[in-house]
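In what follows, a structure is listed as structure tokens, so that the remarks can point back to it.
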Amino acid sequence: MKSLTKLINNKKEKKNKKVEKSQTNNTEYNVFINIGSSLDIPELSSMTLNTYNQENKKDIFLKYNKFHKKFMASYCNFLKYYNTIEELEKDGYDINSHLMQVEKVKSKLEAKNQILINHKDGKRVLGVFLPDISVDIEFDEMIVIGNSIYNYFYGKGKDLNLFSNNHHLTLNDILQMMETNTINDVGIDPINDSQFLITAEVAKQNILLTKRPVVKDVILDIYNESMIEMGKDHTTEVPTMTGLLKKDLIDKKGNHVLRTFRFNFIKIKNGLTLSIRRFMNYDEIDKLGLDGLGYISQAQDIINRAIKEKRGINLIIGETNSGKSTLLSGILNKIYKSKMKIISIENPIEILMPYLQIDLTDTETADEQFKMTKEIAQKAILRHNPNVVLMNEIRTKDEIDFYAGLGLRGHMSFATLHAGSIENAIEILLKIVDESELRNILNLIMFQELIASKCKVCDGTGHIKDKPCKNCDGVGSDTVVPVYEIAKFNHLDINDNLRDIDTLIKQKKIVYLSKHHAIEELNSKNVVHNEDYARIMASKKLGA
């Protein structure tokens with residue numbers, strides 16, 4: 001049996017002698033308090049030697065990575081410290097070797113806050129998260145692991161089978177499962193008066209997350225908990241309710257992330273149905289850019305041309321759950337980095353961005369004289385002389401009128417609209433906006449839909465050697481990719497007919513990229529399923 005405390009003492013004192021446990025604990029406690037106090041860790045105000053134990057230490061270290069790193073550097077500075085999974089892999093460690101340990105070994109390691117992984121040079125390496133832990137597993141070397149690595153292996157929600165014990169299911173379990181499995185949509189629906197099923201939409205297919213139905217009382221607890229955390233009245237029955245909830249969770253790489261979820265409840269005959277949507281955050285959108293969102297260089301060139309004109313109305317269109325808001329955030333982030341002033345009116349703010357955002361839900365419960373309404377916000381933002389205005393989603397005649405008015409005043413404006421095609425979007429606008437005005441202000445319309453991409457492991461079959469593919473759970477798809485069409489309107493004249501898009505494309509008065517081109521690109525990379533390719537190729541191509 002090896003002990004980290006012995007290794008530390010052997011290194012520091014260069015003698016192999018036994019150290020009394022009480023002395024060790026006292027020394028370690030003093031180091032813990034001194035370093036924690038220098039970092040202003042609030043939990044230390046009530047910490048005593050009697051309450052200084054493994055669980056309390058672990059909770060604080062998991063919350064404060066900087067504290068953990070400084071403490072371990074002071075306590076055992078001869079061991080190399082690893083912050084992330086990427087650092088381990090870069091240094092030649094096989095992280096999957098830990099996952100392949102037998103269950104008995106993994107349980108023992110988890111109980112002692114350790115991992116056991118192989119190095120490419122053949123050494124078996126023990127990674128420890130806490131000091132003073134006896135080890136009864138053979139290893140060749142020891143390292144220290146940070147909290148993101150610990151969370152990567154032992155954080156909740158790693159497995160889709162998390163919900164096997166339905167009686168103890170909580171709201172946090174569901175949200176953590178969505179985070180660590182990168183699931184964006186979960187539905188909770190009744191199958192009768194007393195039982196519910198929980199499903200996830202993964203690569204455009206619904207997957208059952210519960211091994212058996214969940215009883216109604218558990219779902220009501222989840223409903224009440226979510227309503228309370230969103231600041232809603234859970235004691236009053238309402239036909240529908242929508243709200244946002246922010247949660248500090250562990251992402252799939254073991255890092256803490258503040259994640260926003262949208263909840264939508266509908267009262268139905270059997271009680272209620274609930275959908276939960278997970279949103280990307282700004283850092284993720286900024287890191288991805290349009291490349292990461294799946295837009296080829298030709299598409300990006302058209303978008304960049306539209307941005308450089310700094311004028312007119314720009315629409316992102318598509319059906320529900322087609323990624324419109326994420327795409328729009330990616331484009332606006334590009335504009336924001338060019339130092340243009342952006343102001344948005346949103347209800348509510350789903351993705352917190354670095355530009356100025358007005359959230360109409362902030363004052364929805366205030367007295368009438370203190371409410372920020374859409375009408376008040378629209379008048380107010382014009383006094384701040386923005387370069388770009390975001391209307392988020394436009395639905396009503398008044399919203400479309402104001403949106404068009406922004407373009408007529410010289411502002412570059414963006415919005416999302418539920419429409420199935422570029423032609424459909426123009427028809428919606430022409431019912432409200434005069435065609436002569438619309439010709440002058442139309443700049444960009446982008447349609448997007450998300451389709452399932454082939455699983456990279458099983459090549460879309462869902463099986464490997466007659467067994468369900470573990471990577472995609474037998475579905476054949478492991479993510480989604482965008483298919484899009486883009487129309488960039490050049491300056492049109494009085495004789496141009498907006499209802500005749502085909503002619504305008506042929507006359508090069510519209511720069512057009514078809515979704516057929518987008519699907520061809522994806523198909524050449526063996527990314528999409530044959531049925532999606534055939535469906536899109538059979539659809540109408542503008543300008544053909």
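Scheme for the structure tokens: letters A, B, ... for chains in order shown; per-chain residue numbers from 1; ligand numbers from 1 in order shown.
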Near segment 501-513 of chain A, counting only C-alpha atoms, which residues have an atom at most 7 Å away, once you skip same-chain residues fewer than 2 positions from it, shown as a VMD selection string? chain A and resid 485 to 490 492 498 to 499 515 517 542 to 543
Who sits within 10 Å of Glu520 of chain A, only C-alpha atoms, same chain under 6 positions skipped, as a PyMOL selection string: chain A and resi 483+526+528+533+536-537
Using C-alpha atoms, can you export the residues from the last selection as a short mmCIF file (atom, residue, chain, number, x, y, z; two decimals), in the first residue's frame?
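The result, stored in part.cif:
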data_model
loop_
_atom_site.label_atom_id
_atom_site.label_comp_id
_atom_site.auth_asym_id
_atom_site.auth_seq_id
_atom_site.Cartn_x
_atom_site.Cartn_y
_atom_site.Cartn_z
CA VAL A 483 -28.69 23.32 -44.66
CA ASN A 526 -20.35 11.75 -46.57
CA VAL A 528 -25.77 13.43 -44.54
CA TYR A 533 -30.06 14.49 -49.61
CA ILE A 536 -33.55 18.61 -50.55
CA MET A 537 -32.27 17.95 -54.07
#
Surrounding residues of Leu522 of chain A excluding itself and chain neighbours under 4 positions, 12 Å, only C-alpha atoms, as a PyMOL selection string: chain A and resi 294-296+451-454+480-484+515-518+526-530+532-533+536
Just list as number ranges by chain whatever in segment 361-438 of chain A DSSP marks as helix (DSSP H, G or I). A: 361-363, 368-370, 374-382, 397-408, 422-430, 435-438
Test item: residues at most 9 Å from Leu130 of chain A, only C-alpha atoms, excluding those fewer than 2 positions along its chain, as number ranges by chain: A: 54, 57-58, 61, 68, 72, 112-114, 128, 132-133, 144-145
Store the residues picked out above, limited to N, CA and C atoms, as a PDB file, in the first residue's frame.
ATOM      1  N   GLN A  54     -12.576  15.094   4.359  1.00  0.00           N
ATOM      2  CA  GLN A  54     -12.455  14.869   2.929  1.00  0.00           C
ATOM      3  C   GLN A  54     -13.615  15.470   2.133  1.00  0.00           C
ATOM      4  N   LYS A  57     -13.487  19.347   2.165  1.00  0.00           N
ATOM      5  CA  LYS A  57     -12.376  19.777   1.310  1.00  0.00           C
ATOM      6  C   LYS A  57     -12.759  19.637  -0.161  1.00  0.00           C
ATOM      7  N   LYS A  58     -13.312  18.480  -0.500  1.00  0.00           N
ATOM      8  CA  LYS A  58     -13.641  18.221  -1.899  1.00  0.00           C
ATOM      9  C   LYS A  58     -14.652  19.223  -2.424  1.00  0.00           C
ATOM     10  N   PHE A  61     -12.846  22.543  -3.004  1.00  0.00           N
ATOM     11  CA  PHE A  61     -11.896  22.460  -4.113  1.00  0.00           C
ATOM     12  C   PHE A  61     -12.610  22.367  -5.466  1.00  0.00           C
ATOM     13  N   HIS A  68      -7.616  25.043  -5.251  1.00  0.00           N
ATOM     14  CA  HIS A  68      -7.128  23.663  -5.290  1.00  0.00           C
ATOM     15  C   HIS A  68      -5.710  23.604  -5.850  1.00  0.00           C
ATOM     16  N   MET A  72      -2.474  22.337  -3.652  1.00  0.00           N
ATOM     17  CA  MET A  72      -1.732  21.137  -4.015  1.00  0.00           C
ATOM     18  C   MET A  72      -0.287  21.466  -4.393  1.00  0.00           C
ATOM     19  N   LYS A 112     -12.103   7.250  -3.423  1.00  0.00           N
ATOM     20  CA  LYS A 112     -10.902   7.919  -2.924  1.00  0.00           C
ATOM     21  C   LYS A 112     -10.482   9.105  -3.793  1.00  0.00           C
ATOM     22  N   ASN A 113     -11.417   9.545  -4.696  1.00  0.00           N
ATOM     23  CA  ASN A 113     -11.169  10.734  -5.515  1.00  0.00           C
ATOM     24  C   ASN A 113      -9.922  10.591  -6.385  1.00  0.00           C
ATOM     25  N   GLN A 114      -9.834   9.459  -7.057  1.00  0.00           N
ATOM     26  CA  GLN A 114      -8.649   9.168  -7.859  1.00  0.00           C
ATOM     27  C   GLN A 114      -9.055   8.690  -9.253  1.00  0.00           C
ATOM     28  N   VAL A 128      -4.525  11.943  -8.441  1.00  0.00           N
ATOM     29  CA  VAL A 128      -5.221  12.172  -7.167  1.00  0.00           C
ATOM     30  C   VAL A 128      -5.775  13.589  -7.128  1.00  0.00           C
ATOM     31  N   ASP A 132      -3.362  13.028   1.185  1.00  0.00           N
ATOM     32  CA  ASP A 132      -3.527  12.160   2.349  1.00  0.00           C
ATOM     33  C   ASP A 132      -4.504  11.009   2.093  1.00  0.00           C
ATOM     34  N   ILE A 133      -4.329  10.348   0.959  1.00  0.00           N
ATOM     35  CA  ILE A 133      -5.212   9.226   0.614  1.00  0.00           C
ATOM     36  C   ILE A 133      -4.380   7.961   0.473  1.00  0.00           C
ATOM     37  N   VAL A 144      -1.239  15.007  -9.960  1.00  0.00           N
ATOM     38  CA  VAL A 144      -2.388  15.670  -9.332  1.00  0.00           C
ATOM     39  C   VAL A 144      -3.335  16.119 -10.444  1.00  0.00           C
ATOM     40  N   ILE A 145      -4.635  15.880 -10.252  1.00  0.00           N
ATOM     41  CA  ILE A 145      -5.631  16.266 -11.253  1.00  0.00           C
ATOM     42  C   ILE A 145      -6.495  17.409 -10.722  1.00  0.00           C
TER      43      ILE A 145
END
Using only C-alpha atoms, the shortest atom-to-atom distance to Gly420 of chain A among A:Gln205, A:Ser344, A:Thr373, A:Thr320 belongs to A:Thr320
Given only C-alpha atoms as the basis, pick out the residue of A:Lys80, A:Lys120, A:Lys252, A:Lys63 nearest to Phe153 of chain A. A:Lys252
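From atom CA of Asp362 of chain A back to atom CA of Ser226 of chain A, the distance works out to 18.0 Å.
For the pair atom CA of Ala415 of chain A and atom CA of Ser325 of chain A, the interatomic distance is 9.1 Å.
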Which residues of segment 57-111 of chain A come within 12 Å of segment 256-261 of chain A, and for each one, what is the closest pair of atoms and their distance in Å to one decimal, counting only C-alpha atoms, sorted by chain and residue number, as JSON lines?
{"residue": "A:Leu62", "atom": "CA", "partner": "A:His256", "partner_atom": "CA", "distance": 9.2}
{"residue": "A:Lys63", "atom": "CA", "partner": "A:His256", "partner_atom": "CA", "distance": 8.5}
{"residue": "A:Tyr64", "atom": "CA", "partner": "A:His256", "partner_atom": "CA", "distance": 10.1}
{"residue": "A:Asn65", "atom": "CA", "partner": "A:His256", "partner_atom": "CA", "distance": 9.9}
Run DSSP on the backbone and give me the residues of segment 133-280 of chain A it puts in strand (DSSP E), as a ChimeraX atom specification. /A:134-135,141-145,185-190,195-202,205-208,214-215,240-250,256-268,271-278
Nearby residues (only C-alpha atoms) at most 8 Å from Gly146 of chain A, same-chain spacing under 5 positions excluded, as a JSON list (two decimals) with N, CA and C atoms, in the first residue's frame:
[["chain", "number", "residue", "atom", "x", "y", "z"],
["A", 65, "ASN", "N", -11.22, 26.22, -8.34],
["A", 65, "ASN", "CA", -10.10, 25.53, -8.96],
["A", 65, "ASN", "C", -8.76, 26.19, -8.61],
["A", 68, "HIS", "N", -7.62, 25.04, -5.25],
["A", 68, "HIS", "CA", -7.13, 23.66, -5.29],
["A", 68, "HIS", "C", -5.71, 23.60, -5.85],
["A", 69, "LYS", "N", -5.48, 24.33, -6.93],
["A", 69, "LYS", "CA", -4.17, 24.30, -7.58],
["A", 69, "LYS", "C", -3.08, 24.86, -6.66],
["A", 81, "TYR", "N", 0.88, 18.95, -11.90],
["A", 81, "TYR", "CA", -0.54, 19.28, -11.80],
["A", 81, "TYR", "C", -1.13, 19.40, -13.21],
["A", 82, "TYR", "N", -2.27, 18.73, -13.43],
["A", 82, "TYR", "CA", -2.96, 18.79, -14.71],
["A", 82, "TYR", "C", -4.34, 19.44, -14.52],
["A", 83, "ASN", "N", -4.60, 20.48, -15.32],
["A", 83, "ASN", "CA", -5.87, 21.21, -15.21],
["A", 83, "ASN", "C", -7.00, 20.57, -16.00],
["A", 84, "THR", "N", -6.70, 20.12, -17.22],
["A", 84, "THR", "CA", -7.76, 19.71, -18.14],
["A", 84, "THR", "C", -7.47, 18.36, -18.80],
["A", 129, "PHE", "N", -6.94, 13.73, -6.54],
["A", 129, "PHE", "CA", -7.58, 15.04, -6.41],
["A", 129, "PHE", "C", -7.38, 15.62, -5.01]]
